[in-house]
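Raw contents of target-v3.txt, compact mmCIF, C-alpha atoms:
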# COMPACT_ATOMS: atom_id res chain seq x y z
CA MET A 167 -56.31 -280.89 97.33
CA LEU A 168 -59.02 -283.14 95.92
CA VAL A 169 -60.78 -282.36 92.64
CA ARG A 170 -63.46 -284.01 90.53
CA LEU A 171 -63.51 -283.83 86.76
CA LEU A 172 -66.34 -284.92 84.47
CA TYR A 173 -65.93 -285.26 80.72
CA VAL A 174 -67.69 -286.79 77.74
CA SER A 175 -66.15 -288.23 74.60
CA ARG A 176 -67.10 -290.30 71.60
CA ALA A 177 -65.63 -293.67 70.77
CA VAL A 178 -63.46 -293.52 67.67
CA ASP A 179 -65.13 -296.66 66.28
CA PRO A 180 -68.66 -296.59 67.75
CA GLN A 181 -70.15 -300.01 67.24
CA PRO A 182 -73.36 -300.89 69.06
CA VAL A 183 -72.77 -302.75 72.31
CA GLN A 184 -74.73 -305.98 72.37
CA SER A 185 -74.33 -308.66 75.00
CA GLU A 186 -74.12 -311.33 72.28
CA ASN A 187 -71.30 -309.51 70.48
CA LEU A 188 -68.57 -309.31 73.07
CA ASP A 189 -65.92 -309.03 70.36
CA SER A 190 -67.19 -305.70 68.98
CA PRO A 191 -64.58 -302.93 68.83
CA ILE A 192 -66.41 -300.72 71.36
CA VAL A 193 -66.48 -303.53 73.93
CA GLU A 194 -62.77 -304.18 73.36
CA THR A 195 -62.04 -300.45 73.66
CA THR A 196 -64.09 -300.10 76.83
CA GLU A 197 -62.43 -303.14 78.41
CA SER A 198 -59.02 -301.78 77.47
CA ILE A 199 -59.87 -298.39 79.04
CA MET A 200 -61.18 -300.11 82.18
CA ALA A 201 -58.11 -302.34 82.52
CA ALA A 202 -55.72 -299.41 82.09
CA SER A 203 -57.74 -297.29 84.53
CA ARG A 204 -57.82 -299.94 87.22
CA ALA A 205 -54.10 -300.67 86.85
CA HIS A 206 -53.03 -297.02 86.88
CA ASN A 207 -55.52 -295.36 89.20
CA VAL A 208 -54.72 -297.17 92.45
CA SER A 209 -51.12 -295.97 92.52
CA GLN A 210 -52.22 -292.44 91.62
CA GLY A 211 -55.02 -292.23 94.19
CA ILE A 212 -57.64 -291.76 91.47
CA THR A 213 -61.20 -293.03 91.79
CA GLY A 214 -64.17 -292.64 89.48
CA ILE A 215 -66.75 -294.09 87.17
CA LEU A 216 -66.88 -294.75 83.43
CA CYS A 217 -70.22 -294.92 81.63
CA TYR A 218 -70.53 -296.00 78.03
CA GLY A 219 -73.34 -296.48 75.56
CA GLY A 220 -74.33 -295.40 72.08
CA GLY A 221 -70.72 -294.69 71.21
CA ILE A 222 -70.39 -292.20 74.07
CA TYR A 223 -68.16 -292.28 77.15
CA LEU A 224 -69.06 -290.27 80.24
CA GLN A 225 -66.41 -290.38 82.93
CA ALA A 226 -65.94 -288.81 86.34
CA ILE A 227 -62.48 -288.96 87.86
CA GLU A 228 -61.46 -287.68 91.27
CA GLY A 229 -58.24 -287.43 93.19
CA GLY A 230 -55.36 -285.02 93.69
CA ARG A 231 -55.37 -282.00 91.39
CA SER A 232 -52.07 -282.83 89.69
CA GLU A 233 -52.98 -286.49 89.17
CA VAL A 234 -56.46 -285.75 87.80
CA ASN A 235 -55.15 -283.00 85.51
CA SER A 236 -52.39 -285.28 84.23
CA LEU A 237 -54.86 -288.08 83.55
CA TYR A 238 -57.24 -285.74 81.72
CA ASN A 239 -54.39 -284.45 79.54
CA HIS A 240 -53.64 -288.09 78.66
CA ILE A 241 -57.32 -288.77 77.87
CA ILE A 242 -57.47 -285.79 75.50
CA THR A 243 -54.68 -287.32 73.39
CA ASP A 244 -55.86 -290.94 73.72
CA PRO A 245 -56.61 -292.24 70.19
CA ARG A 246 -59.58 -294.28 71.50
CA HIS A 247 -61.52 -291.03 72.15
CA THR A 248 -62.65 -288.14 70.00
CA ASP A 249 -64.70 -285.00 70.72
CA VAL A 250 -63.50 -284.87 74.35
CA VAL A 251 -65.41 -282.14 76.20
CA LEU A 252 -64.88 -281.07 79.80
CA LEU A 253 -68.33 -280.89 81.43
CA HIS A 254 -67.47 -280.13 85.04
CA TYR A 255 -64.39 -279.48 87.19
CA GLN A 256 -64.44 -278.63 90.87
CA GLU A 257 -62.47 -278.73 94.07
CA ILE A 258 -64.12 -281.19 96.45
CA ARG A 259 -64.06 -281.91 100.18
CA GLU A 260 -64.68 -285.62 99.77
CA ARG A 261 -64.92 -288.22 97.05
CA ARG A 262 -68.24 -289.52 95.76
CA PHE A 263 -66.72 -292.56 94.06
CA SER A 264 -64.18 -293.58 96.69
CA GLY A 265 -65.25 -297.23 96.55
CA TRP A 266 -64.26 -297.61 92.90
CA THR A 267 -60.82 -297.55 91.32
CA MET A 268 -62.98 -297.21 88.21
CA GLY A 269 -66.64 -298.23 88.37
CA GLN A 270 -68.40 -299.14 85.15
CA VAL A 271 -71.93 -298.56 83.83
CA ASN A 272 -73.34 -299.64 80.47
CA LEU A 273 -75.71 -296.78 79.58
CA SER A 274 -77.45 -298.88 76.94
CA LYS A 275 -78.68 -301.25 79.68
CA LEU A 276 -80.16 -298.58 81.96
CA ASN A 277 -83.84 -298.34 82.71
CA THR A 278 -85.14 -295.61 80.38
CA SER A 279 -87.04 -293.99 83.26
CA ILE A 280 -83.71 -293.13 84.91
CA VAL A 281 -82.39 -291.61 81.68
CA LEU A 282 -85.65 -289.68 81.07
CA LYS A 283 -85.35 -288.16 84.50
CA TYR A 284 -82.24 -286.30 83.29
CA SER A 285 -82.75 -286.04 79.55
CA GLU A 286 -85.28 -284.89 76.95
CA ARG A 287 -85.16 -288.27 75.23
CA PRO A 288 -84.74 -291.85 76.49
CA VAL A 289 -81.18 -291.86 75.12
CA LEU A 290 -78.69 -289.93 77.22
CA ASP A 291 -76.66 -287.33 75.36
CA PRO A 292 -74.19 -285.71 77.78
CA TYR A 293 -73.28 -283.21 75.04
CA ALA A 294 -76.82 -281.80 75.28
CA VAL A 295 -77.11 -281.46 79.07
CA SER A 296 -75.17 -279.62 81.72
CA GLY A 297 -72.34 -281.13 83.70
CA ASP A 298 -74.52 -280.85 86.81
CA VAL A 299 -77.21 -282.98 85.16
CA SER A 300 -74.67 -285.61 84.14
CA MET A 301 -73.23 -285.66 87.67
CA ALA A 302 -76.73 -286.06 89.14
CA LEU A 303 -77.26 -289.07 86.87
CA LEU A 304 -73.99 -290.62 88.03
CA GLU A 305 -75.00 -290.12 91.66
CA GLU A 306 -78.33 -291.82 91.02
CA LEU A 307 -76.59 -294.71 89.30
CA MET A 308 -74.43 -295.09 92.37
CA LEU A 309 -77.49 -295.10 94.66
CA THR A 310 -79.37 -297.61 92.50
CA ALA A 311 -76.41 -300.03 92.38
CA SER A 312 -76.07 -299.69 88.62
CA ILE A 313 -72.29 -299.40 88.89
CA ILE A 314 -70.20 -302.54 88.61
CA GLY A 315 -66.53 -303.09 89.30
CA ARG A 316 -66.23 -301.95 92.91
CA ALA A 317 -62.64 -302.32 94.05

Starting from the file, give its structure as structure tokens.
Amino acid sequence: MLVRLLYVSRAVDPQPVQSENLDSPIVETTESIMAASRAHNVSQGITGILCYGGGIYLQAIEGGRSEVNSLYNHIITDPRHTDVVLLHYQEIRERRFSGWTMGQVNLSKLNTSIVLKYSERPVLDPYAVSGDVSMALLEELMLTASIIGRA
């Protein structure tokens, strides 16, 4: 049985992401999460997308129920995250992110008009919107080719 899970968390050491500062802790943390995800997810049949920006991670993961639940339990205890909140969990008929072992979006580089479509302010705060709104944003990012890291 396939499921999709959407959660939000805060980076433990939220430094601003700037393209000139590729050595910042948040960039290192995000790259480490991406590398671990891509290495682990293929063998577990997990696909998804990771968005980051402003010290916030928004991630959708999909796959078998046991595998997704196990991964989420690991994420909750991962010291790179804090304030982990489950936004949405559902049984699904098909994957939305099947083309990505773990796609990546930098929320700080998004066109503000996309963010304003789903948020009261031009800075996305997944803690302040519903899981459905966050999922709709992810779907739009997929349609507008804002996701990198297709595998």

Which is closest to Val299 of chain A among A:Leu253, A:Val169, A:Ala177, A:Ser279, if we use all atoms listed in the file?
A:Leu253

Near-Arg176 of chain A list (9 Å; all atoms listed in the file; drop same-chain fewer than 4 positions) as a ChimeraX atom specification:
/A:180,220-224,246-250

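With all atoms listed in the file as the atoms that count, the minimum distance from Gly297 of chain A to the choices A:Cys217, A:Val251, A:Leu237, A:Val178 is reached by A:Val251.
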
How many Å separate atom CA of Glu306 of chain A from atom CA of Thr278 of chain A?
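Spanning atom CA of Glu306 of chain A to atom CA of Thr278 of chain A is a straight-line distance of 13.2 Å.
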
Using only C-alpha atoms, the shortest atom-to-atom distance to Pro288 of chain A among A:Asn239, A:Leu273, A:Glu260, A:Ser300 belongs to A:Leu273

Determine, counting all atoms listed in the file, which protein, DNA and RNA residues have an atom within 10 Å of an atom of Ser296 of chain A; residues of the same chain fewer than 4 positions away are not included. Present the result as an MDAnalysis selection string.
chainID A and resid 253:254 284 292 300:302

Of the candidates A:Val295, A:Val234, A:Val271, A:Leu252, which shows the shortest atom-to-atom distance to Ile215 of chain A, using only C-alpha atoms?
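For Ile215 of chain A, the nearest of the given residues is A:Val271.
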
Could you tell me how far atom CA of Ser175 of chain A lies from atom CA of His240 of chain A, in Å and to one decimal?
13.2 Å

Would you work out the distance separating atom CA of Glu257 of chain A from atom CA of Leu168 of chain A, expressed in Å to one decimal?
5.9 Å

Minimum-distance residue to Asp291 of chain A, chosen among A:Gly219, A:Pro245, A:Gly230, A:Gly265 (using only C-alpha atoms)
A:Gly219

Of the residues A:Ser209, A:Leu303, A:Tyr173, A:Val289, which is the one nearest to Gln225 of chain A, using all atoms listed in the file?
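Closest candidate: A:Tyr173.
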
Would you place a box with edges along x, y and z of the file around all atoms of segment 251-267 of chain A listed there, add 5 Å to each of its six sides, and report the centre and edge lengths in Å to one decimal, as lines of an AutoDock Vina configuration file?
center_x = -64.6
center_y = -288.1
center_z = 88.2
size_x = 17.5
size_y = 29.0
size_z = 34.0
